$ cat coords18.cif   # mmCIF, C-alpha atoms and all ligand atoms
data_query
#
loop_
_atom_site.label_atom_id
_atom_site.label_comp_id
_atom_site.auth_asym_id
_atom_site.auth_seq_id
_atom_site.Cartn_x
_atom_site.Cartn_y
_atom_site.Cartn_z
CA MET A 1280 0.00 0.00 0.00
CA LYS A 1281 0.94 3.68 -0.37
CA LEU A 1282 0.48 6.45 2.14
CA THR A 1283 1.32 10.09 2.46
CA LEU A 1284 2.66 10.96 5.89
CA LYS A 1285 2.01 14.58 6.80
CA ILE A 1286 4.44 15.07 9.67
CA TRP A 1287 5.01 17.95 12.08
CA ARG A 1288 8.66 19.09 11.80
CA GLN A 1289 10.11 21.40 14.42
CA ASP A 1290 13.82 21.89 15.05
CA ALA A 1291 13.68 22.88 18.71
CA THR A 1292 11.31 24.01 21.45
CA ASP A 1293 11.56 27.67 20.52
CA SER A 1294 11.49 27.16 16.75
CA ALA A 1295 8.42 27.56 14.59
CA GLY A 1296 7.14 24.23 13.28
CA GLY A 1297 5.09 23.12 10.32
CA PHE A 1298 3.79 20.10 8.44
CA VAL A 1299 5.85 18.45 5.72
CA GLU A 1300 4.37 15.77 3.43
CA TYR A 1301 6.30 12.59 2.66
CA PRO A 1302 5.05 9.98 0.19
CA LEU A 1303 5.64 6.44 1.41
CA GLU A 1304 5.43 3.54 -1.02
CA GLU A 1305 5.56 -0.21 -0.61
CA VAL A 1306 4.47 -0.38 3.01
CA GLY A 1307 2.41 -3.31 4.23
CA PRO A 1308 -0.82 -3.17 6.23
CA GLU A 1309 1.03 -5.16 8.91
CA PHE A 1310 3.54 -2.33 9.43
CA SER A 1311 3.18 -0.47 12.70
CA LEU A 1312 3.16 3.31 12.54
CA LEU A 1313 6.66 3.34 14.01
CA GLU A 1314 7.88 0.88 11.37
CA ALA A 1315 6.48 3.23 8.72
CA LEU A 1316 8.48 6.04 10.34
CA ASP A 1317 11.57 3.79 10.38
CA LYS A 1318 11.18 3.17 6.64
CA LEU A 1319 10.71 6.86 5.96
CA ASN A 1320 13.79 7.70 8.04
CA ASP A 1321 15.91 5.14 6.16
CA GLU A 1322 14.88 6.85 2.93
CA LEU A 1323 15.54 10.34 4.31
CA VAL A 1324 19.00 9.34 5.56
CA ALA A 1325 19.83 7.68 2.22
CA ASP A 1326 18.88 11.00 0.55
CA GLY A 1327 21.11 12.96 2.95
CA ARG A 1328 18.07 14.54 4.63
CA GLU A 1329 17.36 14.81 8.33
CA PRO A 1330 15.30 11.93 9.77
CA VAL A 1331 12.10 12.55 11.75
CA ALA A 1332 12.70 12.53 15.52
CA PHE A 1333 10.28 10.36 17.49
CA ASP A 1334 10.42 8.46 20.79
CA SER A 1335 10.16 4.70 21.20
CA ASP A 1336 11.64 1.97 23.32
CA CYS A 1337 9.83 -1.33 23.91
CA ARG A 1338 7.48 -1.20 20.88
CA GLU A 1339 5.30 -3.64 22.84
CA GLY A 1340 2.95 -1.30 24.65
CA VAL A 1341 4.92 -1.40 27.91
CA CYS A 1342 7.22 1.62 28.25
CA GLY A 1343 4.89 4.51 27.35
CA SER A 1344 7.46 6.44 25.36
CA CYS A 1345 6.00 6.29 21.84
CA GLY A 1346 2.92 8.51 22.07
CA ILE A 1347 2.15 10.77 19.11
CA THR A 1348 -1.04 12.33 17.76
CA VAL A 1349 -2.42 10.58 14.69
CA ASP A 1350 -5.09 12.35 12.66
CA GLY A 1351 -5.89 14.46 15.70
CA ARG A 1352 -6.21 11.57 18.17
CA PRO A 1353 -3.61 10.72 20.84
CA HIS A 1354 -1.93 7.39 19.92
CA GLY A 1355 -4.05 6.74 16.83
CA PRO A 1356 -7.36 5.48 15.45
CA VAL A 1357 -7.61 2.22 17.43
CA ALA A 1358 -8.96 3.00 20.91
CA ASN A 1359 -6.89 2.12 23.98
CA THR A 1360 -3.85 1.16 21.93
CA PRO A 1361 -0.40 2.80 22.11
CA SER A 1362 1.18 4.35 19.03
CA CYS A 1363 3.65 1.46 18.65
CA ARG A 1364 0.76 -0.99 18.25
CA GLN A 1365 -1.24 1.06 15.77
CA HIS A 1366 -0.97 -0.53 12.33
CA LEU A 1367 -1.28 0.75 8.78
CA ARG A 1368 -4.26 -1.55 8.18
CA SER A 1369 -6.32 1.10 10.00
CA PHE A 1370 -5.85 3.46 7.03
CA ASP A 1371 -7.09 3.30 3.44
CA ASP A 1372 -4.57 2.66 0.70
CA GLY A 1373 -3.49 6.06 -0.62
CA ALA A 1374 -4.62 7.92 2.53
CA THR A 1375 -2.87 10.95 3.98
CA VAL A 1376 -2.07 10.40 7.67
CA ARG A 1377 -1.27 13.38 9.89
CA LEU A 1378 1.37 12.74 12.58
CA GLU A 1379 1.95 15.37 15.27
CA PRO A 1380 3.47 15.42 18.74
CA PHE A 1381 1.12 15.06 21.72
CA ARG A 1382 -0.58 18.43 21.90
CA SER A 1383 -0.61 19.96 25.38
CA ALA A 1384 0.73 23.16 26.91
CA HIS A 1385 2.24 20.81 29.52
CA TYR A 1386 4.33 18.98 26.90
CA PRO A 1387 6.75 21.36 25.17
CA VAL A 1388 7.88 20.03 21.81
CA VAL A 1389 11.56 19.02 21.99
CA LYS A 1390 11.93 18.17 18.30
CA ASP A 1391 9.52 16.95 15.60
CA LEU A 1392 7.32 14.33 17.33
CA VAL A 1393 9.25 14.27 20.62
CA VAL A 1394 7.77 16.10 23.61
CA ASP A 1395 9.02 16.80 27.12
CA ARG A 1396 6.82 14.94 29.63
CA ASP A 1397 8.84 15.86 32.71
CA GLY A 1398 5.65 17.11 34.39
CA LEU A 1399 4.57 13.48 34.81
CA ASP A 1400 7.94 12.66 36.39
CA ARG A 1401 7.47 15.52 38.85
CA ILE A 1402 4.22 13.90 40.02
CA ILE A 1403 6.02 10.59 40.55
CA GLY A 1404 8.88 12.43 42.28
CA ALA A 1405 6.38 13.90 44.75
CA GLY A 1406 5.59 10.48 46.22
CA GLY A 1407 4.97 7.81 43.61
CA TYR A 1408 7.37 5.36 45.22
CA VAL A 1409 7.89 3.42 48.47
CA SER A 1410 10.60 4.96 50.65
CA VAL A 1411 10.15 2.82 53.77
CA ASP A 1412 11.99 -0.48 54.18
CA ALA A 1413 9.48 -2.95 52.74
CA GLY A 1414 11.57 -6.02 53.66
CA THR A 1415 12.58 -8.93 51.48
CA ALA A 1416 10.43 -11.10 49.27
CA PRO A 1417 9.62 -13.64 52.07
CA ASP A 1418 8.52 -10.71 54.29
CA ALA A 1419 5.84 -9.90 51.75
CA ASP A 1420 4.08 -13.15 52.71
CA SER A 1421 3.55 -11.83 56.25
CA HIS A 1422 1.36 -8.98 54.97
CA PRO A 1423 -2.06 -10.34 54.08
CA VAL A 1424 -3.43 -8.87 50.87
CA THR A 1425 -6.78 -9.98 49.58
CA HIS A 1426 -7.16 -11.22 46.04
CA GLU A 1427 -9.36 -8.18 45.29
CA GLN A 1428 -6.70 -5.76 46.63
CA ALA A 1429 -3.97 -7.42 44.59
CA GLU A 1430 -6.08 -7.34 41.41
CA TYR A 1431 -6.95 -3.69 41.98
CA ALA A 1432 -3.31 -2.72 42.57
CA LEU A 1433 -2.28 -4.59 39.41
CA ASP A 1434 -5.02 -2.88 37.38
CA MET A 1435 -3.73 0.52 38.49
CA ALA A 1436 -0.08 -0.51 38.00
CA ALA A 1437 -0.92 -1.09 34.33
CA CYS A 1438 -0.49 2.66 33.63
CA ILE A 1439 2.51 2.93 31.29
CA GLY A 1440 3.01 6.67 31.85
CA CYS A 1441 2.49 7.56 28.20
CA GLY A 1442 0.72 10.83 28.97
CA ALA A 1443 -2.03 10.39 26.36
CA CYS A 1444 -4.65 11.15 29.03
CA VAL A 1445 -3.26 14.68 29.38
CA ALA A 1446 -3.09 15.15 25.61
CA ALA A 1447 -6.70 14.00 25.16
CA CYS A 1448 -8.12 16.13 27.98
CA PRO A 1449 -9.61 19.54 27.02
CA ASN A 1450 -8.30 20.80 30.37
CA GLY A 1451 -4.90 19.11 30.12
CA SER A 1452 -5.58 17.31 33.41
CA ALA A 1453 -3.24 14.59 34.66
CA ASN A 1454 -5.76 13.19 37.12
CA LEU A 1455 -6.13 9.78 35.45
CA PHE A 1456 -2.36 9.28 35.55
CA THR A 1457 -2.05 10.57 39.13
CA GLY A 1458 -5.00 8.49 40.30
CA ALA A 1459 -3.56 5.30 38.78
CA LYS A 1460 -0.12 5.83 40.35
CA LEU A 1461 -1.56 6.80 43.73
CA LEU A 1462 -4.05 3.94 43.95
CA HIS A 1463 -1.52 1.38 42.78
CA LEU A 1464 0.54 2.12 45.90
CA SER A 1465 -2.24 2.93 48.35
CA THR A 1466 -3.80 -0.51 48.09
CA THR A 1467 -0.72 -2.56 49.00
CA SER A 1468 0.14 -3.02 52.66
CA GLN A 1469 3.82 -1.95 52.70
CA ALA A 1470 3.12 1.22 50.76
CA ARG A 1471 0.18 2.16 52.96
CA THR A 1472 2.47 3.57 55.67
CA GLU A 1473 2.93 6.71 53.53
CA ARG A 1474 -0.59 6.77 52.13
CA GLY A 1475 -1.66 10.18 53.49
CA THR A 1476 1.58 12.00 52.68
CA ARG A 1477 1.67 10.46 49.25
CA ALA A 1478 -1.90 11.55 48.46
CA ARG A 1479 -1.22 15.12 49.60
CA GLU A 1480 2.06 15.50 47.76
CA MET A 1481 1.09 13.81 44.50
CA ALA A 1482 -2.25 15.64 44.32
CA ALA A 1483 -0.43 18.94 44.89
CA ALA A 1484 2.15 18.12 42.20
CA SER A 1485 -0.61 17.27 39.72
CA GLU A 1486 -1.98 20.80 40.06
CA GLU A 1487 0.66 22.06 37.63
CA PHE A 1488 -1.62 20.34 35.08
CA GLY A 1489 -5.22 21.39 34.46
CA PRO A 1490 -8.26 20.63 36.65
CA CYS A 1491 -10.41 17.58 35.94
CA SER A 1492 -13.99 18.19 34.74
CA LEU A 1493 -14.70 14.47 34.26
CA TYR A 1494 -15.06 14.78 30.48
CA GLY A 1495 -13.75 11.22 30.14
CA GLU A 1496 -11.67 11.68 26.97
CA CYS A 1497 -8.69 10.31 28.92
CA VAL A 1498 -10.16 6.81 29.24
CA GLU A 1499 -10.98 6.70 25.51
CA VAL A 1500 -7.28 6.81 24.62
CA CYS A 1501 -5.61 5.16 27.62
CA PRO A 1502 -3.70 2.09 26.37
CA ALA A 1503 -3.76 0.57 29.85
CA GLY A 1504 -7.54 0.74 30.23
CA ILE A 1505 -7.28 2.76 33.44
CA PRO A 1506 -10.94 3.44 34.40
CA LEU A 1507 -12.48 6.80 35.29
CA SER A 1508 -12.90 5.45 38.83
CA ALA A 1509 -9.15 6.11 39.27
CA ILE A 1510 -10.02 9.82 39.31
CA ALA A 1511 -12.69 9.25 41.97
CA GLY A 1512 -10.05 7.28 43.88
CA LEU A 1513 -7.62 10.19 43.68
CA ASN A 1514 -10.24 12.54 45.13
CA ARG A 1515 -11.07 10.01 47.84
CA GLU A 1516 -7.41 9.62 48.84
CA ARG A 1517 -6.98 13.38 48.96
CA LEU A 1518 -10.08 13.88 51.17
CA ARG A 1519 -8.99 11.02 53.41
CA GLU A 1520 -5.70 12.80 54.06
CA VAL A 1521 -7.46 16.13 54.73
CA PHE A 1522 -9.69 14.58 57.41
CA ARG A 1523 -7.06 12.36 59.03
CA ARG A 1524 -4.08 14.75 58.85
CA ARG A 1525 -1.77 11.75 59.17
CA ALA A 1526 1.16 10.40 57.20
CA ASN A 1527 -0.54 7.04 56.69
S1 LIG B 1601 -3.41 6.71 32.70
FE1 LIG B 1601 -3.40 5.71 30.65
S2 LIG B 1601 -3.20 7.39 29.18
FE2 LIG B 1601 -2.59 8.20 31.19
S3 LIG B 1601 -0.36 7.93 31.34
FE3 LIG B 1601 -1.28 6.08 32.26
S4 LIG B 1601 -1.43 4.63 30.54
FE4 LIG B 1601 -1.09 6.64 29.59
S1 LIG B 1602 7.34 2.02 22.46
FE1 LIG B 1602 6.94 1.34 24.48
S2 LIG B 1602 4.80 1.61 24.72
FE2 LIG B 1602 5.14 2.13 22.63
#
$ encode --input "coords18.cif" --output "structure tokens" --more "lines below"
Ligand code: SF4
Ligand code: FES
Amino acid sequence: MKLTLKIWRQDATDSAGGFVEYPLEEVGPEFSLLEALDKLNDELVADGREPVAFDSDCREGVCGSCGITVDGRPHGPVANTPSCRQHLRSFDDGATVRLEPFRSAHYPVVKDLVVDRDGLDRIIGAGGYVSVDAGTAPDADSHPVTHEQAEYALDMAACIGCGACVAACPNGSANLFTGAKLLHLSTTSQARTERGTRAREMAAASEEFGPCSLYGECVEVCPAGIPLSAIAGLNRERLREVFRRRAN
């Protein structure tokens, strides 16, 4: 099949950017979007032209680094699927496909399709980790965790930190991301010792992003299937800390 890739090119954060069209021939419907970009970059390099900058790592939907906007939608046309697992079979032969960086005031463009998502790291840095001594693996057996708690924690741990929820949100809210990270830790027994502090600090850090109006666009694009109830959970954890005024 043939495609035209209409790609946002921008040299640096402070540079003006614009779309450039690139015809792409002899690509298969089984190609992922990133493989199509690889092929284009091989051709550009062979021509002595500058390749398109984009992020990727695992290419298996695990690392969260690959997110781009495809025809106006974070990640691409297939719902709840990361950019690295979007395939050309979603597009008609001969179609023009528009590729842009994630669009959000909170994600400055670094170059071409690469954005700076440090704001998400600042939320994690505010408390998205366990700093107490949680013991060794055998110690974990001495902390009873119900099957339901373990399943819930695993569901929330599925967040890959791609940031599509922010890009999809009209307010640029990071509440789905923050809720997933907070609830992942708040439901396991070792991490609960810092539950109150963590809720206060992570909720405060997430305020550099926009407020949540529960539009729900975030869950439409989330590759991890994090549910809207994660946002309710974030609000619940924050209120719990306000009333208890305790670290745990
Ligand atoms: S909540 Fe979903 S969309 Fe947001 S960062 Fe995590 S995986 Fe990505
Ligand atoms: S490259 Fe890792 S999730 Fe897409």
$ closest_residue --input "coords18.cif" --among "A:Val1331, A:Glu1304, A:Val1341, A:Trp1287" --to "ligand LIG 1602 (chain B)" --atoms "only C-alpha atoms and all ligand atoms"
A:Val1341
$ residues_around --input "coords18.cif" --residues "A:Val1409" --least-positions-apart "3" --cutoff "12 Å" --atoms "only C-alpha atoms" --output "PDB file with C-alpha atoms, in the frame of the given file"
ATOM      1  CA  ILE A1403       6.020  10.590  40.550  1.00  0.00           C
ATOM      2  CA  GLY A1404       8.880  12.430  42.280  1.00  0.00           C
ATOM      3  CA  ALA A1405       6.380  13.900  44.750  1.00  0.00           C
ATOM      4  CA  GLY A1406       5.590  10.480  46.220  1.00  0.00           C
ATOM      5  CA  ASP A1412      11.990  -0.480  54.180  1.00  0.00           C
ATOM      6  CA  ALA A1413       9.480  -2.950  52.740  1.00  0.00           C
ATOM      7  CA  GLY A1414      11.570  -6.020  53.660  1.00  0.00           C
ATOM      8  CA  LYS A1460      -0.120   5.830  40.350  1.00  0.00           C
ATOM      9  CA  LEU A1461      -1.560   6.800  43.730  1.00  0.00           C
ATOM     10  CA  HIS A1463      -1.520   1.380  42.780  1.00  0.00           C
ATOM     11  CA  LEU A1464       0.540   2.120  45.900  1.00  0.00           C
ATOM     12  CA  SER A1465      -2.240   2.930  48.350  1.00  0.00           C
ATOM     13  CA  THR A1467      -0.720  -2.560  49.000  1.00  0.00           C
ATOM     14  CA  SER A1468       0.140  -3.020  52.660  1.00  0.00           C
ATOM     15  CA  GLN A1469       3.820  -1.950  52.700  1.00  0.00           C
ATOM     16  CA  ALA A1470       3.120   1.220  50.760  1.00  0.00           C
ATOM     17  CA  ARG A1471       0.180   2.160  52.960  1.00  0.00           C
ATOM     18  CA  THR A1472       2.470   3.570  55.670  1.00  0.00           C
ATOM     19  CA  GLU A1473       2.930   6.710  53.530  1.00  0.00           C
ATOM     20  CA  ARG A1474      -0.590   6.770  52.130  1.00  0.00           C
ATOM     21  CA  THR A1476       1.580  12.000  52.680  1.00  0.00           C
ATOM     22  CA  ARG A1477       1.670  10.460  49.250  1.00  0.00           C
TER      23      ARG A1477
END
$ residues_near_ligand --input "coords18.cif" --ligand "ligand LIG 1601 (chain B)" --cutoff "10 Å" --atoms "all atoms listed in the file" --output "count of residues only"
48
$ closest_residue --input "coords18.cif" --among "A:Gly1355, A:Cys1448, A:Thr1466, A:Ala1416" --to "A:Pro1490" --atoms "all atoms listed in the file"
A:Cys1448
$ closest_residue --input "coords18.cif" --among "A:Leu1319, A:Ser1362, A:Glu1309, A:Val1324" --to "ligand LIG 1602 (chain B)" --atoms "only C-alpha atoms and all ligand atoms"
A:Ser1362
$ residues_near_point --input "coords18.cif" --point "(9.0, 25.7, 17.5)" --cutoff "10 Å" --atoms "only C-alpha atoms" --output "PyMOL selection string"
chain A and resi 1288-1297+1387-1391
$ residues_around --input "coords18.cif" --residues "A:Leu1518" --least-positions-apart "5" --cutoff "9 Å" --atoms "only C-alpha atoms" --output "PyMOL selection string"
chain A and resi 1478+1513+1523
$ atom_distance --input "coords18.cif" --atom1 "atom CA of A:Asp1350" --atom2 "atom CA of A:Val1299"
14.3 Å
$ axis_aligned_box --input "coords18.cif" --around "ligand LIG 1602 (chain B)" --padding-each-side "4 Å" --output "AutoDock Vina command-line options"
--center_x 6.1 --center_y 1.7 --center_z 23.6 --size_x 10.5 --size_y 8.8 --size_z 10.3
$ closest_residue --input "coords18.cif" --among "A:His1366, A:Arg1479, A:His1426, A:Arg1352" --to "A:Ser1311" --atoms "all atoms listed in the file"
A:His1366
$ atom_distance --input "coords18.cif" --atom1 "atom CA of A:Ala1526" --atom2 "atom CA of A:Ser1410"
12.7 Å
$ atom_distance --input "coords18.cif" --atom1 "atom CA of A:Gly1475" --atom2 "atom CA of A:Arg1515"
11.0 Å
$ closest_residue --input "coords18.cif" --among "A:Ala1484, A:Val1424, A:Val1349, A:Leu1462" --to "A:Asp1397" --atoms "all atoms listed in the file"
A:Ala1484
$ closest_residue --input "coords18.cif" --among "A:Asp1334, A:Glu1305, A:Glu1322, A:Asp1400" --to "A:Ile1347" --atoms "only C-alpha atoms"
A:Asp1334
$ residues_around --input "coords18.cif" --residues "A:Asp1321" --least-positions-apart "5" --cutoff "9 Å" --atoms "all atoms listed in the file" --output "CSV table (one decimal) with C-alpha atoms, in the frame of the given file"
chain,number,residue,atom,x,y,z
A,1316,LEU,CA,8.5,6.0,10.3
A,1326,ASP,CA,18.9,11.0,0.6
A,1330,PRO,CA,15.3,11.9,9.8
